[in-house]
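Taking it in order: structure first as structure tokens, then the write-up.
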Amino acid sequence: MDDDGRYRDSRSDFIRGAKDIAKVAKKQVGKKVGRGMDKMTDEYTKRSYKRFEEEDDDDDYGGVPGNDGGYYRNDSRANDDEGHSDSTEGHDEDDEIYEGEYQGIPRADSGKAGGMDGMTAAQAQQFRDLSAYEGERRKDQEELAQQYETILQECGHGKFQWTLYFVLGLALMADGVEIFVVGFVLPSAEKDMCLSEPNKGMLGLIVYLGMMVGAFVWGGLADRIGRRQTLLISLSINSVFAFFSSFVQGYSSFLFCRLASGVGIGGSIPIVFSYYSEFLAQEKRGEHLSWLCMFWMIGGIYASAMAWAIIPHYGWSFQMGSAYQFHSWRVFVLVCAFPSVAAISALTTMPESPRFYLENGKHDEAWMILKQVHDTNMRAKGYPERVFSVTTIKTVKQMDELMDMGDSAAWHEKWRIKLITLFHQVWSNFQTVFSPEYRRTTYMMMAVWFSMSFSYYGLTVWFPDMIKYLQKQEYSSRTKVFVKEKVDHITFNFTLENQIHRQGEYFNDKFMNLKMKSMVFEDSHFEECYFEDITSSNTFFKNCTFIATLFYNTDLFKYRLINCKLVNSTFLHNKEGCLLSDISDENNAYMVYFVSFLGTLAVLPGNIVSALLMDKIGRLRMLAGSSVISCISCFFLSFGNSESAMIALLCLFGGISIASWNALDVLTVELYPSDKRTTAFGFLNALCKLAAVLGISIFTSFVGITKAVPILFASGALAAGSFLALKLPETRGQVLQ
């Protein structure tokens, strides 16, 4: 019994002493880690805990090397250092000794209250651990931002950046092409697909809806799996479905392909600007991101030129029976996929963003890329002997997100878990954009993006529609009216266009091998007449009488005969086709392409001015100033009473407003840190496309009704955007977060 008592006493003393030593060691570790965190003074030196190791050898606390070469505590080590939660400190699973037992305190009831206290303390400790992790990660990011800027300055701006400029420019050009494709092919596609007005409207908006989804999805993924890889995937989807859309025949399949193509290209803008900005030093960033915007203009010019050169050439087509037709507009759709394919080919030769690697703890990969940038630029400048002096670079502390799925798990189960994990990571990253730190900035940027997009896209679509309306008005003013004419034994074999015939009498007349454009026959009488090989558009017979009349190989279907009386009249071999209500000829097609070409080319001066002044006057002044001038230019729309005046106003508005878009792109890149940059940019760009859909729908509904509402909407949105822009922080002269 004495031996047992002495054994228990010595064992209790041993445990008590071990606990005291653990407490003291724990406090010393916390103090020394804090001192070690403050030792980062040299930009090219990593955090080191060698002193901590030397001083702590007696305590047997070994360091675990972190991602940046310093010493970080991993999860298991953190648990060892912290012991357990406060409520279970001193707990030994083998002996069931609780804190206080060796202090002579009676064991408390181990019921519900004790369990709740333990859970609360554990949650509090977990919250403290997470806060400490976030603080440590934030400090790493700040140190990385400063060091990365210095490294980029050493690498210089030269051949590598200009090569990447043209590669990413092709991706941005593909985005510009995508905006124009559907608008250019609609006049021709409606003939092949028999599109109604609602179907044409949906086809025009579906691209924006696809780009809205794509911007959000690809922007979020680019912060998790990399800028280059995500951009390659998105461009590949765009290329594949753009290719398919040129061959599919039905409206539904064509609509789906254009939707999927829009989803693919939606990632272009948020990824391209973020990707390129991470290779640019502070003094070059605003200027060269603005130069990059020129490729969107080049994409519009390319689309206009290709449409002008290809679509009117109806001979560039083939047909296999009546089921499959491949007309010239499909060739145009195919050609418009070339920029995306070229961007994919060129992008495979470029590296991933080193900033992305450093944010994700991949030091060696980032160092190799930065050395490649340095060596490429130095060789091009004639200094091949210059050596990349950086040996180590700060990396950001990573959270352990690995999940052991075991060797026995099926491949599909592994992929399912990976996708679910990736989804949660992307969604969590998106939620941080609305955290208290970024909430105000995000809401302000949402308002500016929405107001800019609502007015810009609304007006840029409203202008062509107004031009078409003015064309129709002018066309209608030249309509010829014939009343009570009598025509006997005449053969009409020439085009009949823009005429109204009232109360006419036609006896034994032949209408053969001709086109009828905008022809209206009212209260007329046809007897023993013959219609053969007639192609018509916007042609109707109202309250007419047909006696012993034959319709052979015509598109004068019965629904073109409104309230008409047919006596002994026959329809044979009707043409297959659609009822076209619009005036569509080559001259109008050329006019559409020419107007789009001029409107796109007009942004060139604005691009040049914004690029030259972006780093001199700042992003906010550029954004607010351009928006104010665009707002003022809206009031000139009231003077647009002719076709030429509307074209001039379109060019004026586009040339002025492009500077604000360039400033907004640069500002968005610089306001968010690297691990949230494409997520935030993608979300704001998705909101931009939503505003575009609303603006187009609202503005076009007032065509031919009033100009006052579009003018007030556009000017009000631009004024609000310029006011809110001034409330944002200026980012000129700051390192990339």
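By order of appearance in the structure tokens: chains A, B, ..., then residues from 1 within every chain, and ligands from 1 in the order shown.
Non-sequential neighbours of Ala719 in chain A (distance at most 7 Å, separation of 5 or more positions within a chain, only C-alpha atoms) are Ser627, Val628 and Cys631 of chain A.
For range 482-492 of chain A, the list of residues within 7 Å, based on only C-alpha atoms and with local chain neighbours fewer than 5 positions off taken out, reads Ile500, His501, Arg502, Gln503, Gly504, Glu505, Tyr506, Phe507, Asn508, Asp509, Lys510, Phe511 and Met512 of chain A.
The protein and nucleic acid residues lying at most 9 Å from range 430-447 of chain A are Gly220, Leu664, Thr668, Leu671, Tyr672, Lys676, Thr679, Ala680, Phe683, Leu684, Leu687, Cys688, Ala720, Gly721, Leu724, Ala725, Lys727, Leu728 and Pro729 of chain A, with only C-alpha atoms considered and sequence neighbours fewer than 6 positions away removed.
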Write out the residues from the selection above, keeping C-alpha atoms, as a short mmCIF file (atom, residue, chain, number, x, y, z; two decimals), in the first residue's frame.
data_model
loop_
_atom_site.label_atom_id
_atom_site.label_comp_id
_atom_site.auth_asym_id
_atom_site.auth_seq_id
_atom_site.Cartn_x
_atom_site.Cartn_y
_atom_site.Cartn_z
CA GLY A 220 -13.83 32.50 -59.81
CA LEU A 664 -12.64 51.18 -64.99
CA THR A 668 -10.90 47.01 -60.95
CA LEU A 671 -8.55 47.52 -56.08
CA TYR A 672 -8.57 43.82 -55.21
CA LYS A 676 -9.53 37.70 -55.22
CA THR A 679 -13.21 36.59 -58.82
CA ALA A 680 -14.17 40.22 -58.20
CA PHE A 683 -18.49 39.16 -60.83
CA LEU A 684 -18.45 42.84 -61.84
CA LEU A 687 -23.11 42.41 -63.59
CA CYS A 688 -22.03 44.50 -66.58
CA ALA A 720 -24.50 58.80 -61.25
CA GLY A 721 -21.54 56.67 -62.32
CA LEU A 724 -19.80 57.45 -57.44
CA ALA A 725 -16.44 56.96 -59.17
CA LYS A 727 -15.81 58.13 -54.00
CA LEU A 728 -13.51 55.23 -54.87
CA PRO A 729 -9.87 55.14 -53.72
#
Using DSSP on the backbone coordinates, identify all residues within range 258-506 of chain A classified as strand (DSSP E or B); present the result as a ChimeraX atom specification.
/A:318-320,324-326,480-483,486-488,491-492,496-502,505-506
Neighbours of Val703 in chain A within 10 Å (only C-alpha atoms; same-chain residues fewer than 3 positions away dropped), as a PyMOL selection string?
chain A and resi 462-463+465-470+698-700+706-707+710
Keeping only N, CA, C and O atoms, take the residues you just selected and write them out as a compact mmCIF listing (two decimals), in the first residue's frame.
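Result written to selection00.txt:
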# COMPACT_ATOMS: atom_id res chain seq x y z
N TRP A 462 -29.12 51.11 -79.48
CA TRP A 462 -30.18 52.04 -79.85
C TRP A 462 -29.82 52.85 -81.09
O TRP A 462 -30.67 53.12 -81.95
N PHE A 463 -28.55 53.21 -81.24
CA PHE A 463 -28.11 53.97 -82.41
C PHE A 463 -28.40 53.24 -83.72
O PHE A 463 -29.05 53.81 -84.62
N ASP A 465 -30.49 50.85 -84.32
CA ASP A 465 -31.94 50.70 -84.48
C ASP A 465 -32.58 52.02 -84.91
O ASP A 465 -33.53 52.03 -85.71
N MET A 466 -32.09 53.12 -84.39
CA MET A 466 -32.60 54.42 -84.81
C MET A 466 -32.25 54.71 -86.27
O MET A 466 -33.05 55.28 -87.01
N ILE A 467 -31.05 54.29 -86.67
CA ILE A 467 -30.65 54.47 -88.07
C ILE A 467 -31.58 53.66 -88.98
O ILE A 467 -32.03 54.14 -90.03
N LYS A 468 -31.87 52.41 -88.58
CA LYS A 468 -32.81 51.61 -89.37
C LYS A 468 -34.19 52.26 -89.42
O LYS A 468 -34.85 52.26 -90.46
N TYR A 469 -34.62 52.80 -88.30
CA TYR A 469 -35.93 53.45 -88.26
C TYR A 469 -35.96 54.66 -89.19
O TYR A 469 -36.93 54.87 -89.94
N LEU A 470 -34.88 55.44 -89.18
CA LEU A 470 -34.82 56.60 -90.08
C LEU A 470 -34.78 56.16 -91.54
O LEU A 470 -35.36 56.82 -92.42
N ILE A 698 -34.61 48.00 -72.71
CA ILE A 698 -35.35 49.24 -72.41
C ILE A 698 -35.17 50.27 -73.52
O ILE A 698 -36.14 50.86 -74.01
N PHE A 699 -33.95 50.49 -73.96
CA PHE A 699 -33.68 51.55 -74.94
C PHE A 699 -34.35 51.24 -76.29
O PHE A 699 -34.92 52.13 -76.92
N THR A 700 -34.25 49.99 -76.73
CA THR A 700 -34.80 49.67 -78.05
C THR A 700 -36.33 49.72 -78.07
O THR A 700 -36.93 49.88 -79.14
N THR A 706 -39.95 57.90 -78.86
CA THR A 706 -39.43 59.14 -78.31
C THR A 706 -37.93 59.00 -78.08
O THR A 706 -37.43 57.90 -77.84
N LYS A 707 -37.23 60.11 -78.16
CA LYS A 707 -35.80 60.14 -77.85
C LYS A 707 -35.55 60.60 -76.42
O LYS A 707 -34.46 60.40 -75.89
N PRO A 710 -34.59 57.58 -73.69
CA PRO A 710 -33.20 57.09 -73.76
C PRO A 710 -32.18 58.15 -73.37
O PRO A 710 -31.18 57.82 -72.71
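Here the question is which of A:Val592, A:Trp411, A:Arg227, A:Gly733 gets nearest to Pro312 in chain A using only C-alpha atoms, and that residue is A:Val592.
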Taking only range 603-729 of chain A into account, list the residues labelled alpha helix (DSSP H) by DSSP (computed from the backbone), as a PyMOL selection string.
chain A and resi 604-617+619-634+643-671+677-700+708-725
For Ile237 in chain A, the closest of A:Leu259, A:Leu221, A:Leu650, A:Ala663 counting only C-alpha atoms is A:Leu259
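For the pair CA of Glu287 in chain A and CA of Leu623 in chain A, the separation is 14.1 Å.
For the pair CA of Phe338 in chain A and CA of Ser236 in chain A, the interatomic distance is 11.6 Å.
Between Trp449 in chain A and the candidates A:Leu231, A:Leu652, A:Ala174, A:Ala692, the tightest atom-to-atom separation, counting only C-alpha atoms, involves A:Ala692.
We find CA of Leu459 in chain A and CA of Phe256 in chain A to be spaced 26.7 Å apart.
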If we count only C-alpha atoms and set the cut-off at 12 Å, which residues sit around Tyr275 in chain A, ignoring sequence neighbours fewer than 2 positions away in its own chain? Please answer as a ChimeraX atom specification.
/A:161,164-165,167-169,171,219,222-223,226-231,267-273,277-280,285,289,292,347,350-356,669,674-675,677-678,681
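Residues surrounding Gly625 in chain A within 9 Å are Ala659, Ser660 and Ser722 of chain A [only C-alpha atoms; sequence separation below 6 positions excluded].
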